[in-house]
file structure.txt (compact mmCIF, C-alpha atoms and all ligand atoms)
# COMPACT_ATOMS: atom_id res chain seq x y z
CA MET A 817 105.08 82.55 142.10
CA ASN A 818 102.71 85.22 140.85
CA ARG A 819 99.01 85.23 141.66
CA VAL A 820 97.85 84.39 138.12
CA TYR A 821 100.05 81.29 138.12
CA VAL A 822 98.77 80.19 141.54
CA LYS A 823 95.18 80.67 140.32
CA GLU A 824 95.90 78.53 137.25
CA VAL A 825 97.45 75.77 139.39
CA VAL A 826 94.41 75.74 141.71
CA LEU A 827 91.98 75.80 138.75
CA SER A 828 93.80 72.92 137.08
CA PHE A 829 92.97 70.73 140.09
CA VAL A 830 89.29 71.64 139.97
CA PHE A 831 88.95 71.68 136.17
CA PRO A 832 91.81 69.63 134.72
CA LYS A 833 92.91 70.96 131.32
CA ARG A 834 92.31 68.53 128.48
CA CYS A 835 94.21 68.18 125.23
CA PRO A 836 92.19 69.60 122.27
CA PHE A 837 93.40 66.72 120.07
CA CYS A 838 92.86 63.59 122.21
CA ASP A 839 90.81 64.92 125.15
CA ASN A 840 93.18 63.42 127.73
CA VAL A 841 94.04 65.42 130.84
CA MET A 842 97.33 67.27 130.42
CA ASP A 843 99.63 69.75 132.16
CA PHE A 844 97.75 73.09 132.26
CA ARG A 845 100.80 74.90 130.82
CA ARG A 846 100.66 72.91 127.56
CA VAL A 847 98.74 73.76 124.35
CA GLU A 848 98.44 70.06 123.49
CA CYS A 849 99.57 66.91 125.33
CA LYS A 850 103.10 65.66 124.76
CA LYS A 851 101.95 62.57 122.85
CA CYS A 852 99.92 64.64 120.36
CA ALA A 853 102.63 67.30 120.07
CA ASP A 854 104.97 64.60 118.72
CA ASP A 855 102.41 63.52 116.10
CA LEU A 856 100.77 66.70 114.79
CA GLY A 857 101.38 66.53 111.02
CA LYS A 858 101.51 70.34 110.86
CA ILE A 859 101.75 72.03 107.45
CA THR A 860 104.51 74.65 107.54
CA GLY A 861 107.08 76.38 105.35
CA GLU A 862 106.56 76.62 101.62
CA VAL A 863 103.04 75.56 100.67
CA CYS A 864 101.42 74.91 97.26
CA LEU A 865 98.15 76.88 97.31
CA LEU A 866 96.67 74.72 94.52
CA CYS A 867 96.60 71.52 96.61
CA GLY A 868 97.44 72.78 100.11
CA TYR A 869 100.40 70.39 100.49
CA MET A 870 103.84 71.48 101.59
CA LYS A 871 105.88 72.13 98.42
CA LYS A 872 108.05 69.06 99.13
CA ASP A 873 104.93 66.83 99.08
CA CYS A 874 103.13 68.51 96.13
CA PHE A 875 102.81 66.77 92.80
CA CYS A 876 100.07 68.80 91.13
CA LYS A 877 100.79 69.95 87.61
CA ALA A 878 98.01 72.38 86.68
CA HIS A 879 95.25 74.26 88.42
CA LYS A 880 91.94 72.80 87.38
CA HIS A 881 89.67 73.83 90.24
CA TYR A 882 86.92 76.39 90.61
CA TYR A 883 88.40 77.48 93.94
CA LYS A 884 91.39 79.77 93.62
CA ALA A 885 93.46 78.44 96.52
CA ILE A 886 93.31 75.99 99.39
CA ILE A 887 95.08 75.93 102.72
CA ALA A 888 94.95 73.90 105.95
CA PRO A 889 97.07 73.85 109.11
CA PHE A 890 97.40 70.04 109.27
CA TYR A 891 97.58 66.89 107.21
CA TYR A 892 94.72 64.50 107.93
CA GLU A 893 96.85 62.08 109.92
CA GLY A 894 98.21 61.53 113.43
CA ALA A 895 96.77 63.67 116.23
CA ALA A 896 94.91 66.06 113.87
CA GLY A 897 93.28 63.11 112.05
CA ARG A 898 92.12 61.58 115.33
CA ALA A 899 90.79 64.95 116.56
CA ILE A 900 88.75 65.47 113.37
CA ARG A 901 87.29 61.95 113.54
CA ARG A 902 86.30 62.69 117.16
CA LEU A 903 84.66 65.94 116.02
CA LYS A 904 82.40 63.97 113.67
CA HIS A 905 80.82 62.25 116.68
CA LEU A 906 81.21 64.83 119.43
CA ASP A 907 80.79 68.60 119.30
CA ASP A 908 83.82 69.51 121.42
CA GLU A 909 84.19 73.26 121.81
CA LYS A 910 87.88 73.25 122.71
CA THR A 911 88.72 71.16 119.61
CA VAL A 912 86.66 73.45 117.35
CA ASN A 913 88.39 76.49 118.88
CA MET A 914 91.85 74.99 118.46
CA PHE A 915 91.25 74.15 114.77
CA ALA A 916 89.62 77.55 114.09
CA GLU A 917 92.62 79.26 115.69
CA GLU A 918 95.09 77.24 113.60
CA MET A 919 93.01 77.79 110.43
CA SER A 920 92.93 81.56 110.95
CA ARG A 921 96.67 81.58 111.68
CA ILE A 922 97.56 79.76 108.47
CA PHE A 923 95.03 81.82 106.47
CA ASP A 924 96.65 85.04 107.74
CA GLU A 925 100.09 83.72 106.87
CA TYR A 926 99.33 82.66 103.27
CA LEU A 927 96.17 84.48 102.15
CA GLY A 928 95.80 87.29 104.70
CA HIS A 929 96.96 89.94 102.19
CA LEU A 930 93.72 89.44 100.21
CA SER A 931 90.34 90.72 101.30
CA TYR A 932 87.15 88.66 101.47
CA ASP A 933 83.50 89.51 102.07
CA TYR A 934 82.32 86.58 104.14
CA VAL A 935 82.83 83.00 105.31
CA THR A 936 80.61 80.06 104.43
CA SER A 937 80.77 76.28 104.90
CA VAL A 938 80.19 73.00 103.06
CA PRO A 939 76.67 71.93 104.04
CA LEU A 940 75.41 68.57 105.28
CA SER A 941 72.18 67.13 103.93
CA ASP A 942 69.12 67.62 106.17
CA LEU A 943 69.18 63.92 107.01
CA ALA A 944 72.84 63.94 108.06
CA TYR A 945 72.28 67.13 110.06
CA LYS A 946 69.34 65.60 111.91
CA LYS A 947 71.35 62.47 112.67
CA ARG A 948 74.42 64.34 113.97
CA GLY A 949 72.74 67.41 115.40
CA TYR A 950 75.41 69.77 114.10
CA ASN A 951 77.59 70.41 111.07
CA GLN A 952 81.25 70.42 112.12
CA ALA A 953 82.22 72.49 109.04
CA GLU A 954 79.72 75.17 110.10
CA LEU A 955 81.06 75.19 113.70
CA LEU A 956 84.60 75.64 112.38
CA ALA A 957 83.48 78.31 109.88
CA LYS A 958 81.68 80.40 112.52
CA GLU A 959 84.68 80.37 114.88
CA PHE A 960 87.05 81.06 111.98
CA ALA A 961 84.87 84.02 110.81
CA ARG A 962 84.79 85.45 114.34
CA ARG A 963 88.59 85.44 114.47
CA LEU A 964 88.80 87.26 111.12
CA SER A 965 85.99 89.68 112.05
CA LEU A 966 84.09 88.61 108.93
CA PRO A 967 80.40 87.67 108.74
CA TYR A 968 79.40 84.01 108.46
CA ARG A 969 76.66 83.19 105.96
CA GLU A 970 74.90 80.01 105.01
CA THR A 971 74.99 80.00 101.22
CA LEU A 972 74.61 76.39 100.12
CA SER A 973 72.21 73.56 100.74
CA LYS A 974 72.77 69.92 99.91
CA THR A 975 69.85 68.79 97.83
CA HIS A 976 70.16 65.02 98.20
CA GLU A 977 72.11 62.26 99.91
CA THR A 978 75.32 61.03 98.33
CA LYS A 979 77.20 57.81 98.82
CA VAL A 980 80.08 58.06 101.28
CA GLN A 981 82.93 59.57 99.24
CA HIS A 982 85.78 57.39 100.46
CA THR A 983 84.04 54.20 99.25
CA LEU A 984 84.09 55.45 95.64
CA THR A 985 86.71 55.76 92.90
CA LYS A 986 87.86 59.24 91.86
CA THR A 987 85.60 59.31 88.77
CA GLU A 988 82.64 58.04 90.80
CA ARG A 989 83.32 60.70 93.42
CA THR A 990 83.06 63.52 90.92
CA GLY A 991 79.89 62.03 89.37
CA ASN A 992 78.51 61.41 92.84
CA LEU A 993 78.57 65.14 93.57
CA LEU A 994 77.41 66.68 90.29
CA GLY A 995 74.72 69.29 90.88
CA ILE A 996 73.96 68.31 94.47
CA PHE A 997 74.57 71.74 96.00
CA GLU A 998 72.17 74.61 95.59
CA PRO A 999 72.84 78.25 96.44
CA PHE A 1000 70.43 80.32 98.49
CA ILE A 1001 69.38 83.11 96.17
CA GLY A 1002 70.61 86.53 97.19
CA ASP A 1003 73.44 85.49 99.48
CA VAL A 1004 76.01 84.77 96.79
CA SER A 1005 75.46 87.34 94.04
CA GLY A 1006 77.11 90.75 93.93
CA GLU A 1007 80.55 89.48 92.95
CA LYS A 1008 81.40 88.46 96.47
CA ARG A 1009 84.76 87.06 97.49
CA ILE A 1010 84.08 84.05 99.66
CA ILE A 1011 86.05 81.83 102.06
CA LEU A 1012 84.65 78.29 101.99
CA ILE A 1013 85.27 76.05 105.02
CA ASP A 1014 85.24 72.28 105.44
CA ASP A 1015 86.73 69.99 108.07
CA VAL A 1016 88.73 67.77 105.68
CA LYS A 1017 89.78 67.95 102.05
CA THR A 1018 89.97 64.41 100.67
CA THR A 1019 90.16 64.71 96.87
CA GLY A 1020 88.85 68.28 96.78
CA ALA A 1021 85.80 67.19 94.72
CA THR A 1022 83.25 68.33 97.33
CA LEU A 1023 84.93 71.70 97.81
CA ASP A 1024 85.20 72.16 94.06
CA GLU A 1025 81.54 71.37 93.47
CA CYS A 1026 80.61 73.90 96.18
CA ALA A 1027 82.99 76.50 94.68
CA LYS A 1028 81.52 75.86 91.23
CA THR A 1029 77.97 76.37 92.56
CA LEU A 1030 79.01 79.64 94.24
CA MET A 1031 80.81 80.88 91.10
CA ILE A 1032 77.82 80.07 88.86
CA ALA A 1033 75.60 81.93 91.35
CA GLY A 1034 77.74 85.04 90.92
CA ALA A 1035 80.64 84.85 93.37
CA GLN A 1036 83.82 86.57 92.20
CA GLU A 1037 86.31 84.32 93.93
CA VAL A 1038 86.30 81.35 96.30
CA VAL A 1039 89.20 80.18 98.46
CA CYS A 1040 89.03 77.12 100.72
CA VAL A 1041 90.29 76.70 104.26
CA CYS A 1042 90.09 73.26 105.92
CA ALA A 1043 91.14 71.90 109.30
CA ALA A 1044 93.15 69.18 107.54
CA ILE A 1045 94.10 67.83 104.12
CA THR A 1046 94.42 64.15 103.23
CA LYS A 1047 97.92 63.44 101.97
CA HIS A 1048 97.81 61.21 98.90
CA GLU A 1049 100.90 59.59 97.55
CA ASN A 1050 102.11 60.40 94.08
CA LYS A 1051 101.55 56.95 92.58
CA SER A 1052 102.89 57.85 89.12
CA GLU A 1053 106.18 59.08 90.63
CA LYS A 1054 106.38 55.95 92.75
CA ALA A 1055 105.92 53.72 89.70
CA LYS A 1056 108.91 55.37 87.98
CA GLN A 1057 111.25 54.64 90.89
ZN ZN B 1101 96.63 64.80 123.15
ZN ZN B 1102 100.30 71.32 94.71
call {"tool": "encode", "arguments": {"input": "structure.txt", "output": "structure tokens"}}
result
Amino acid sequence: MNRVYVKEVVLSFVFPKRCPFCDNVMDFRRVECKKCADDLGKITGEVCLLCGYMKKDCFCKAHKHYYKAIIAPFYYEGAAGRAIRRLKHLDDEKTVNMFAEEMSRIFDEYLGHLSYDYVTSVPLSDLAYKKRGYNQAELLAKEFARRLSLPYRETLSKTHETKVQHTLTKTERTGNLLGIFEPFIGDVSGEKRIILIDDVKTTGATLDECAKTLMIAGAQEVVCVCAAITKHENKSEKAKQ
């Protein structure tokens, strides 16, 4: 046994290693616990950059977004879904680091050949920020930016409260978001190429409204990177079967 290994074994007794997905104590040699590893919902292989789904799950027909591409390392389900829900209530550094690492890995794989000027995040309203004490999208964005050696900049503010998105229909969701983000003057202009970060893409309406605001303010291109993407079923295809 080498000395580094012995040190790790001793340390694991003093500071047990916890799984970044479920926070349970796990074997110090693992990246995630066995239970979570079996239930990750990882996005791999051929990916559609218009919706972020694996090609086999994609049913989008045309690109109708202000953002140019979207990518995420996980579907919003299983262990990744539980970890993101936990992050909404608890600022857990190891979970933020794990997601930021996975987000930078998948970004490098699919969009790393392009160059960007800086990283920004989907904002919370002042009220939501005060209530939670942190913005999980901002935490992810800062860690993601550090890994890419890019600057992080706050570019958007949320001007008023909106109803919780998942309680609304798709049309209501879009209407619910119209014009609610405002750019900080000076940070966006100059034809900048921007990476926009959020924790979860649900319908993409929030990300698109942010991308639209950035584009109107003078950005040249916006791509989105999320920790996870909600997998919707293709209802029209299902109806045909
Ligand atoms: Zn776990
Ligand atoms: Zn697609």
call {"tool": "closest_atom_pairs", "arguments": {"input": "structure.txt", "of": "chain A", "to": "ligand ZN 1101 (chain B)", "cutoff": "12 Å", "atoms": "all atoms listed in the file", "output": "CSV"}}
result
residue,atom,partner,partner_atom,distance
A:Lys833,CA,B:ZN1101,ZN,10.9
A:Arg834,CA,B:ZN1101,ZN,7.8
A:Cys835,CA,B:ZN1101,ZN,4.6
A:Pro836,CA,B:ZN1101,ZN,6.6
A:Phe837,CA,B:ZN1101,ZN,4.9
A:Cys838,CA,B:ZN1101,ZN,4.1
A:Asp839,CA,B:ZN1101,ZN,6.2
A:Asn840,CA,B:ZN1101,ZN,5.9
A:Val841,CA,B:ZN1101,ZN,8.1
A:Met842,CA,B:ZN1101,ZN,7.7
A:Asp843,CA,B:ZN1101,ZN,10.7
A:Arg846,CA,B:ZN1101,ZN,10.1
A:Val847,CA,B:ZN1101,ZN,9.3
A:Glu848,CA,B:ZN1101,ZN,5.6
A:Cys849,CA,B:ZN1101,ZN,4.2
A:Lys850,CA,B:ZN1101,ZN,6.7
A:Lys851,CA,B:ZN1101,ZN,5.8
A:Cys852,CA,B:ZN1101,ZN,4.3
A:Ala853,CA,B:ZN1101,ZN,7.2
A:Asp854,CA,B:ZN1101,ZN,9.4
A:Asp855,CA,B:ZN1101,ZN,9.2
A:Leu856,CA,B:ZN1101,ZN,9.5
A:Gly894,CA,B:ZN1101,ZN,10.4
A:Ala895,CA,B:ZN1101,ZN,7.0
A:Ala896,CA,B:ZN1101,ZN,9.5
A:Gly897,CA,B:ZN1101,ZN,11.7
A:Arg898,CA,B:ZN1101,ZN,9.6
A:Ala899,CA,B:ZN1101,ZN,8.8
A:Thr911,CA,B:ZN1101,ZN,10.7
call {"tool": "residues_near_ligand", "arguments": {"input": "structure.txt", "ligand": "ligand ZN 1102 (chain B)", "cutoff": "6 Å", "atoms": "all atoms listed in the file", "output": "list in words"}}
result
Cys864, Leu866, Cys867, Tyr869, Cys874, Phe875 and Cys876 of chain A
call {"tool": "closest_residue", "arguments": {"input": "structure.txt", "among": "A:Leu943, A:Ala878, A:Val863, A:Ala888", "to": "A:Asp1014", "atoms": "only C-alpha atoms"}}
result
A:Ala888
call {"tool": "atom_distance", "arguments": {"input": "structure.txt", "atom1": "atom CA of A:Thr860", "atom2": "atom CA of A:Phe923"}}
result
11.9 Å
call {"tool": "residues_near_point", "arguments": {"input": "structure.txt", "point": "(88.4, 75.2, 90.4)", "cutoff": "12 Å", "atoms": "all atoms listed in the file", "output": "PyMOL selection string"}}
result
chain A and resi 866-867+878-886+1020-1032+1037-1040
call {"tool": "residues_around", "arguments": {"input": "structure.txt", "residues": "A:Leu956", "least_positions_apart": "3", "cutoff": "6 Å", "atoms": "only C-alpha atoms", "output": "MDAnalysis selection string"}}
result
chainID A and resid 912 916 953 959:960
call {"tool": "atom_distance", "arguments": {"input": "structure.txt", "atom1": "atom CA of A:Arg948", "atom2": "atom CA of A:Leu906"}}
result
8.7 Å
call {"tool": "closest_residue", "arguments": {"input": "structure.txt", "among": "A:Ala957, A:Leu940, A:Ile996, A:Val820", "to": "A:Phe915", "atoms": "all atoms listed in the file"}}
result
A:Ala957
call {"tool": "decode", "arguments": {"input": "structure.txt", "residues": "stretch 922-966 of chain A", "atoms": "N, CA and C atoms", "output": "PDB file, in the first residue's frame"}}
result
ATOM      1  N   ILE A 922     -18.932  18.325 -20.578  1.00  0.00           N
ATOM      2  CA  ILE A 922     -19.825  18.166 -21.737  1.00  0.00           C
ATOM      3  C   ILE A 922     -19.729  19.394 -22.669  1.00  0.00           C
ATOM      4  N   PHE A 923     -19.486  20.562 -22.094  1.00  0.00           N
ATOM      5  CA  PHE A 923     -19.285  21.761 -22.919  1.00  0.00           C
ATOM      6  C   PHE A 923     -18.058  21.573 -23.812  1.00  0.00           C
ATOM      7  N   ASP A 924     -16.961  21.105 -23.210  1.00  0.00           N
ATOM      8  CA  ASP A 924     -15.725  20.873 -23.979  1.00  0.00           C
ATOM      9  C   ASP A 924     -15.964  19.880 -25.104  1.00  0.00           C
ATOM     10  N   GLU A 925     -16.732  18.847 -24.789  1.00  0.00           N
ATOM     11  CA  GLU A 925     -16.959  17.778 -25.760  1.00  0.00           C
ATOM     12  C   GLU A 925     -17.766  18.274 -26.959  1.00  0.00           C
ATOM     13  N   TYR A 926     -18.815  19.084 -26.713  1.00  0.00           N
ATOM     14  CA  TYR A 926     -19.732  19.437 -27.806  1.00  0.00           C
ATOM     15  C   TYR A 926     -19.572  20.864 -28.321  1.00  0.00           C
ATOM     16  N   LEU A 927     -19.120  21.788 -27.481  1.00  0.00           N
ATOM     17  CA  LEU A 927     -19.029  23.194 -27.913  1.00  0.00           C
ATOM     18  C   LEU A 927     -17.640  23.791 -27.688  1.00  0.00           C
ATOM     19  N   GLY A 928     -16.706  22.970 -27.227  1.00  0.00           N
ATOM     20  CA  GLY A 928     -15.371  23.446 -26.859  1.00  0.00           C
ATOM     21  C   GLY A 928     -14.569  23.996 -28.019  1.00  0.00           C
ATOM     22  N   HIS A 929     -14.963  23.700 -29.267  1.00  0.00           N
ATOM     23  CA  HIS A 929     -14.213  24.190 -30.432  1.00  0.00           C
ATOM     24  C   HIS A 929     -14.536  25.666 -30.704  1.00  0.00           C
ATOM     25  N   LEU A 930     -15.574  26.200 -30.043  1.00  0.00           N
ATOM     26  CA  LEU A 930     -15.955  27.603 -30.251  1.00  0.00           C
ATOM     27  C   LEU A 930     -15.370  28.459 -29.125  1.00  0.00           C
ATOM     28  N   SER A 931     -15.192  29.737 -29.380  1.00  0.00           N
ATOM     29  CA  SER A 931     -14.635  30.559 -28.300  1.00  0.00           C
ATOM     30  C   SER A 931     -15.687  31.545 -27.782  1.00  0.00           C
ATOM     31  N   TYR A 932     -15.657  31.757 -26.484  1.00  0.00           N
ATOM     32  CA  TYR A 932     -16.633  32.637 -25.834  1.00  0.00           C
ATOM     33  C   TYR A 932     -15.928  33.660 -24.964  1.00  0.00           C
ATOM     34  N   ASP A 933     -16.598  34.785 -24.699  1.00  0.00           N
ATOM     35  CA  ASP A 933     -15.962  35.877 -23.969  1.00  0.00           C
ATOM     36  C   ASP A 933     -16.169  35.774 -22.462  1.00  0.00           C
ATOM     37  N   TYR A 934     -17.360  35.387 -22.052  1.00  0.00           N
ATOM     38  CA  TYR A 934     -17.580  35.230 -20.613  1.00  0.00           C
ATOM     39  C   TYR A 934     -18.812  34.385 -20.303  1.00  0.00           C
ATOM     40  N   VAL A 935     -18.953  34.088 -19.023  1.00  0.00           N
ATOM     41  CA  VAL A 935     -20.034  33.236 -18.517  1.00  0.00           C
ATOM     42  C   VAL A 935     -20.964  34.100 -17.685  1.00  0.00           C
ATOM     43  N   THR A 936     -22.271  33.880 -17.817  1.00  0.00           N
ATOM     44  CA  THR A 936     -23.229  34.583 -16.980  1.00  0.00           C
ATOM     45  C   THR A 936     -24.304  33.586 -16.534  1.00  0.00           C
ATOM     46  N   SER A 937     -25.238  34.042 -15.683  1.00  0.00           N
ATOM     47  CA  SER A 937     -26.238  33.089 -15.188  1.00  0.00           C
ATOM     48  C   SER A 937     -27.643  33.693 -15.189  1.00  0.00           C
ATOM     49  N   VAL A 938     -28.637  32.820 -15.158  1.00  0.00           N
ATOM     50  CA  VAL A 938     -30.035  33.251 -15.054  1.00  0.00           C
ATOM     51  C   VAL A 938     -30.234  33.802 -13.643  1.00  0.00           C
ATOM     52  N   PRO A 939     -30.715  35.041 -13.523  1.00  0.00           N
ATOM     53  CA  PRO A 939     -30.823  35.643 -12.188  1.00  0.00           C
ATOM     54  C   PRO A 939     -32.074  35.195 -11.427  1.00  0.00           C
ATOM     55  N   LEU A 940     -32.021  35.377 -10.115  1.00  0.00           N
ATOM     56  CA  LEU A 940     -33.222  35.235  -9.279  1.00  0.00           C
ATOM     57  C   LEU A 940     -33.738  36.652  -9.023  1.00  0.00           C
ATOM     58  N   SER A 941     -34.976  36.784  -8.644  1.00  0.00           N
ATOM     59  CA  SER A 941     -35.455  38.110  -8.234  1.00  0.00           C
ATOM     60  C   SER A 941     -34.817  38.430  -6.878  1.00  0.00           C
ATOM     61  N   ASP A 942     -34.800  39.718  -6.507  1.00  0.00           N
ATOM     62  CA  ASP A 942     -34.217  40.112  -5.214  1.00  0.00           C
ATOM     63  C   ASP A 942     -34.886  39.387  -4.054  1.00  0.00           C
ATOM     64  N   LEU A 943     -36.215  39.229  -4.181  1.00  0.00           N
ATOM     65  CA  LEU A 943     -36.985  38.590  -3.113  1.00  0.00           C
ATOM     66  C   LEU A 943     -36.574  37.122  -2.957  1.00  0.00           C
ATOM     67  N   ALA A 944     -36.478  36.418  -4.080  1.00  0.00           N
ATOM     68  CA  ALA A 944     -36.091  35.003  -4.035  1.00  0.00           C
ATOM     69  C   ALA A 944     -34.665  34.861  -3.520  1.00  0.00           C
ATOM     70  N   TYR A 945     -33.800  35.793  -3.919  1.00  0.00           N
ATOM     71  CA  TYR A 945     -32.397  35.751  -3.470  1.00  0.00           C
ATOM     72  C   TYR A 945     -32.314  35.937  -1.963  1.00  0.00           C
ATOM     73  N   LYS A 946     -33.097  36.895  -1.458  1.00  0.00           N
ATOM     74  CA  LYS A 946     -33.095  37.163  -0.013  1.00  0.00           C
ATOM     75  C   LYS A 946     -33.582  35.943   0.760  1.00  0.00           C
ATOM     76  N   LYS A 947     -34.615  35.305   0.224  1.00  0.00           N
ATOM     77  CA  LYS A 947     -35.216  34.151   0.874  1.00  0.00           C
ATOM     78  C   LYS A 947     -34.229  32.979   0.924  1.00  0.00           C
ATOM     79  N   ARG A 948     -33.535  32.728  -0.203  1.00  0.00           N
ATOM     80  CA  ARG A 948     -32.655  31.565  -0.296  1.00  0.00           C
ATOM     81  C   ARG A 948     -31.247  31.861   0.185  1.00  0.00           C
ATOM     82  N   GLY A 949     -30.816  33.085  -0.016  1.00  0.00           N
ATOM     83  CA  GLY A 949     -29.467  33.464   0.400  1.00  0.00           C
ATOM     84  C   GLY A 949     -28.415  33.229  -0.666  1.00  0.00           C
ATOM     85  N   TYR A 950     -28.762  32.585  -1.734  1.00  0.00           N
ATOM     86  CA  TYR A 950     -27.818  32.342  -2.830  1.00  0.00           C
ATOM     87  C   TYR A 950     -28.610  32.017  -4.087  1.00  0.00           C
ATOM     88  N   ASN A 951     -27.943  32.146  -5.229  1.00  0.00           N
ATOM     89  CA  ASN A 951     -28.551  31.757  -6.501  1.00  0.00           C
ATOM     90  C   ASN A 951     -27.769  30.548  -7.020  1.00  0.00           C
ATOM     91  N   GLN A 952     -28.402  29.391  -7.050  1.00  0.00           N
ATOM     92  CA  GLN A 952     -27.664  28.173  -7.414  1.00  0.00           C
ATOM     93  C   GLN A 952     -27.112  28.242  -8.836  1.00  0.00           C
ATOM     94  N   ALA A 953     -27.803  28.958  -9.741  1.00  0.00           N
ATOM     95  CA  ALA A 953     -27.307  29.105 -11.116  1.00  0.00           C
ATOM     96  C   ALA A 953     -26.001  29.903 -11.119  1.00  0.00           C
ATOM     97  N   GLU A 954     -25.932  30.912 -10.255  1.00  0.00           N
ATOM     98  CA  GLU A 954     -24.721  31.736 -10.160  1.00  0.00           C
ATOM     99  C   GLU A 954     -23.549  30.914  -9.582  1.00  0.00           C
ATOM    100  N   LEU A 955     -23.839  30.088  -8.559  1.00  0.00           N
ATOM    101  CA  LEU A 955     -22.783  29.241  -7.980  1.00  0.00           C
ATOM    102  C   LEU A 955     -22.219  28.305  -9.043  1.00  0.00           C
ATOM    103  N   LEU A 956     -23.125  27.689  -9.812  1.00  0.00           N
ATOM    104  CA  LEU A 956     -22.702  26.774 -10.877  1.00  0.00           C
ATOM    105  C   LEU A 956     -21.899  27.530 -11.936  1.00  0.00           C
ATOM    106  N   ALA A 957     -22.393  28.726 -12.313  1.00  0.00           N
ATOM    107  CA  ALA A 957     -21.748  29.509 -13.373  1.00  0.00           C
ATOM    108  C   ALA A 957     -20.329  29.921 -12.977  1.00  0.00           C
ATOM    109  N   LYS A 958     -20.149  30.321 -11.717  1.00  0.00           N
ATOM    110  CA  LYS A 958     -18.814  30.758 -11.272  1.00  0.00           C
ATOM    111  C   LYS A 958     -17.819  29.597 -11.295  1.00  0.00           C
ATOM    112  N   GLU A 959     -18.258  28.425 -10.825  1.00  0.00           N
ATOM    113  CA  GLU A 959     -17.381  27.251 -10.830  1.00  0.00           C
ATOM    114  C   GLU A 959     -17.097  26.787 -12.252  1.00  0.00           C
ATOM    115  N   PHE A 960     -18.135  26.847 -13.096  1.00  0.00           N
ATOM    116  CA  PHE A 960     -17.992  26.469 -14.510  1.00  0.00           C
ATOM    117  C   PHE A 960     -16.981  27.405 -15.186  1.00  0.00           C
ATOM    118  N   ALA A 961     -17.112  28.723 -14.953  1.00  0.00           N
ATOM    119  CA  ALA A 961     -16.232  29.728 -15.567  1.00  0.00           C
ATOM    120  C   ALA A 961     -14.781  29.497 -15.130  1.00  0.00           C
ATOM    121  N   ARG A 962     -14.608  29.167 -13.856  1.00  0.00           N
ATOM    122  CA  ARG A 962     -13.247  28.936 -13.337  1.00  0.00           C
ATOM    123  C   ARG A 962     -12.592  27.769 -14.072  1.00  0.00           C
ATOM    124  N   ARG A 963     -13.362  26.729 -14.323  1.00  0.00           N
ATOM    125  CA  ARG A 963     -12.822  25.562 -15.022  1.00  0.00           C
ATOM    126  C   ARG A 963     -12.459  25.874 -16.473  1.00  0.00           C
ATOM    127  N   LEU A 964     -13.178  26.820 -17.080  1.00  0.00           N
ATOM    128  CA  LEU A 964     -12.899  27.188 -18.475  1.00  0.00           C
ATOM    129  C   LEU A 964     -11.931  28.369 -18.583  1.00  0.00           C
ATOM    130  N   SER A 965     -11.484  28.860 -17.435  1.00  0.00           N
ATOM    131  CA  SER A 965     -10.622  30.057 -17.379  1.00  0.00           C
ATOM    132  C   SER A 965     -11.252  31.237 -18.113  1.00  0.00           C
ATOM    133  N   LEU A 966     -12.554  31.397 -17.923  1.00  0.00           N
ATOM    134  CA  LEU A 966     -13.277  32.540 -18.500  1.00  0.00           C
ATOM    135  C   LEU A 966     -13.785  33.411 -17.356  1.00  0.00           C
TER     136      LEU A 966
END
